[in-house]
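Written out below as structure tokens is the structure these notes cover.
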Amino acid sequence: MMNTNRPLNIYGEQLHSRLLIGSALYPSPTIMSESIVASGAEIVTVSLRRQQSAAAGDDFWQLIKNTGLKVLPNTAGCHSVKEAVTLANMCREVFATDWIKLELIGDDYNLQPDPFALLQASQLLLNDGFKVLPYCTDDLVLCQRLYDLGCEVLMPWGAPIGTGKGLLNSYNLKTIRQRLPDATLIVDAGLGLPSHACQALELGYDAVLLNSAIAGAGCPITMSRAFKAAVAAGRFAYEAKAMPEKEVATPSTPTMGMPFWHQE
């Protein structure tokens with residue numbers, strides 16, 4: 001029997017939840033905390049740059065600490081290699097972790113990551129001992145280059161961040177999965193529905209990272225539960241291996257011969 005309980009591997013750390021969750025945009029701190037717990041996630045992403053006033057910041061960090069989850073800091077809002085590297089070093093000091101979700105904006109309209117700056121910043125951070133999780137587009141060559149640099153975890157988008165459009169290019173995502181079988185792949189950004197997350201796991205992706213889809217829902221807590229179930233379903237489906245598609249209909253009930261009323 002196939003082992004469907006294999007853990008998620010992020011730079012050698014074994015995790016059971018395949019849902020990573022963000023900490024921004026929730027209606028209230030209480031709803032944020034309850035949504036994070038309901039998701040069953042073991043990793044929560046935070047942005048040092050976008051945290052505001054000192055008083056609010058202290059309360060926020062305490063709430064995050066109270067979840068007991070592993071913190072994955074990110075470089076959201078950075079537009080240059082220098083900005084991203086500087087912020088990554090600040091995050092390492094504040095959160096006492098070498099993990100960094102590397103984000104580098106290349107276009108202010110659709111917030112597409114800058115592939116050239118991403119490669120440069122990844123190299124610098126890897127050389128400095130960081131465990132880099134680059135947020136990138138679904139470009140195979142870019143993902144190959146990042147993996148070759150030493151990024152064991154890649155985070156291609158499903159669609160532009162915050163759009164909720166789901167997997168706009170399943171072919172590209174599937175190709176990345178096939179060509180980089182040993183990489184840990186996490187779909188990050190653009191998911192809006194639990195079915196989108198399920199689809200990503202069905203393609204063989206190891207996990208998904210969500211924020212807006214949960215925080216912007218009518219009931220974030222209930223939506224967290226929905227995504228938790230969808231991720232589990234998608235992983236089970238991938239492990240089970242889907243039936244092959246067919247061009248013509250095939251009866252699900254086998255026939256043993258002609259119906260008795262057609263027989264003479």
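Residue names in the structure tokens use chain letters A, B, ... in the order shown, residue numbers from 1 in each chain, and ligand numbers from 1 in the order shown.
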Output as a tab-separated table one row per residue of segment 82-153 of chain A within 12 Å of segment 206-210 of chain A: the closest atom pair and its distance in Å to one decimal place, counting only C-alpha atoms, sorted by chain and residue number ascending.
residue	atom	partner	partner_atom	distance
A:Lys101	CA	A:Leu209	CA	11.1
A:Leu133	CA	A:Leu209	CA	11.7
A:Tyr135	CA	A:Leu209	CA	10.5
A:Val153	CA	A:Asp206	CA	9.8
Next on the checklist: Using DSSP assignments from the backbone, pull out every residue in segment 81-258 of chain A that falls under alpha helix (DSSP H) and give it to me as a PyMOL selection string.
Outcome noted: chain A and resi 81-95+115-127+140-149+170-179+194-202+212-215+220-240
Checklist entry - atom CA of Val231 of chain A and atom CA of Pro244 of chain A, how far apart in Å? => result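 Calculated distance between atom CA of Pro244 of chain A and atom CA of Val231 of chain A is 22.0 Å.
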Next on the checklist: Taking 2 positions as the minimum chain separation for residues in the same chain, which residues sit within 6 Å of segment 66-76 of chain A when counting only C-alpha atoms? Answer as a ChimeraX atom specification.
Outcome noted: /A:42-47,63-64,78,84,100-103
Export N, CA and C atoms of the chosen residues as a compact mmCIF listing (two decimals), in the first residue's frame?
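The result, written out as result-v6.txt:
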# COMPACT_ATOMS: atom_id res chain seq x y z
N GLU A 42 1.37 24.55 9.97
CA GLU A 42 2.51 24.52 10.88
C GLU A 42 3.49 25.65 10.60
N ILE A 43 3.24 26.38 9.51
CA ILE A 43 4.11 27.51 9.13
C ILE A 43 3.24 28.73 8.86
N VAL A 44 3.62 29.86 9.41
CA VAL A 44 2.92 31.12 9.14
C VAL A 44 3.92 32.12 8.59
N THR A 45 3.54 32.82 7.53
CA THR A 45 4.42 33.82 6.94
C THR A 45 4.14 35.19 7.54
N VAL A 46 5.19 35.97 7.71
CA VAL A 46 5.06 37.32 8.26
C VAL A 46 5.97 38.26 7.48
N SER A 47 5.57 39.54 7.44
CA SER A 47 6.35 40.55 6.75
C SER A 47 6.83 41.58 7.75
N LEU A 63 0.81 37.59 19.21
CA LEU A 63 -0.21 36.70 18.68
C LEU A 63 0.41 35.61 17.81
N ILE A 64 1.36 35.99 16.97
CA ILE A 64 2.03 35.02 16.12
C ILE A 64 2.79 34.01 16.98
N CYS A 78 9.78 44.50 -1.52
CA CYS A 78 11.11 44.88 -1.99
C CYS A 78 11.15 44.94 -3.51
N ALA A 84 16.09 43.58 -0.64
CA ALA A 84 15.70 42.23 -0.23
C ALA A 84 16.75 41.60 0.67
N ILE A 100 13.96 32.14 4.65
CA ILE A 100 13.45 33.41 4.12
C ILE A 100 12.65 33.16 2.85
N LYS A 101 11.44 33.67 2.81
CA LYS A 101 10.66 33.64 1.58
C LYS A 101 11.05 34.89 0.80
N LEU A 102 11.76 34.67 -0.28
CA LEU A 102 12.33 35.78 -1.04
C LEU A 102 11.33 36.30 -2.06
N GLU A 103 10.93 37.54 -1.89
CA GLU A 103 10.02 38.21 -2.81
C GLU A 103 10.70 39.46 -3.35
Checklist entry - Could you name the residues that touch Gln123 of chain A at 10 Å or less, counting only C-alpha atoms, but leaving out those on the same chain fewer than 3 positions away, as a ChimeraX atom specification? => result /A:117-120,126-128,130,132,146,149-151
Item to check | Nearest candidate to Met90 of chain A (options A:Gln112, A:Leu48, A:Gly77, A:Lys131; using only C-alpha atoms) | outcome: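 Using only C-alpha atoms, the shortest distance to Met90 of chain A belongs to A:Leu48.
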Checklist entry - Mind pulling up the distance from atom CA of Ala121 of chain A to atom CA of Leu168 of chain A? => result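 Computed distance, atom CA of Leu168 of chain A to atom CA of Ala121 of chain A, equals 26.7 Å.
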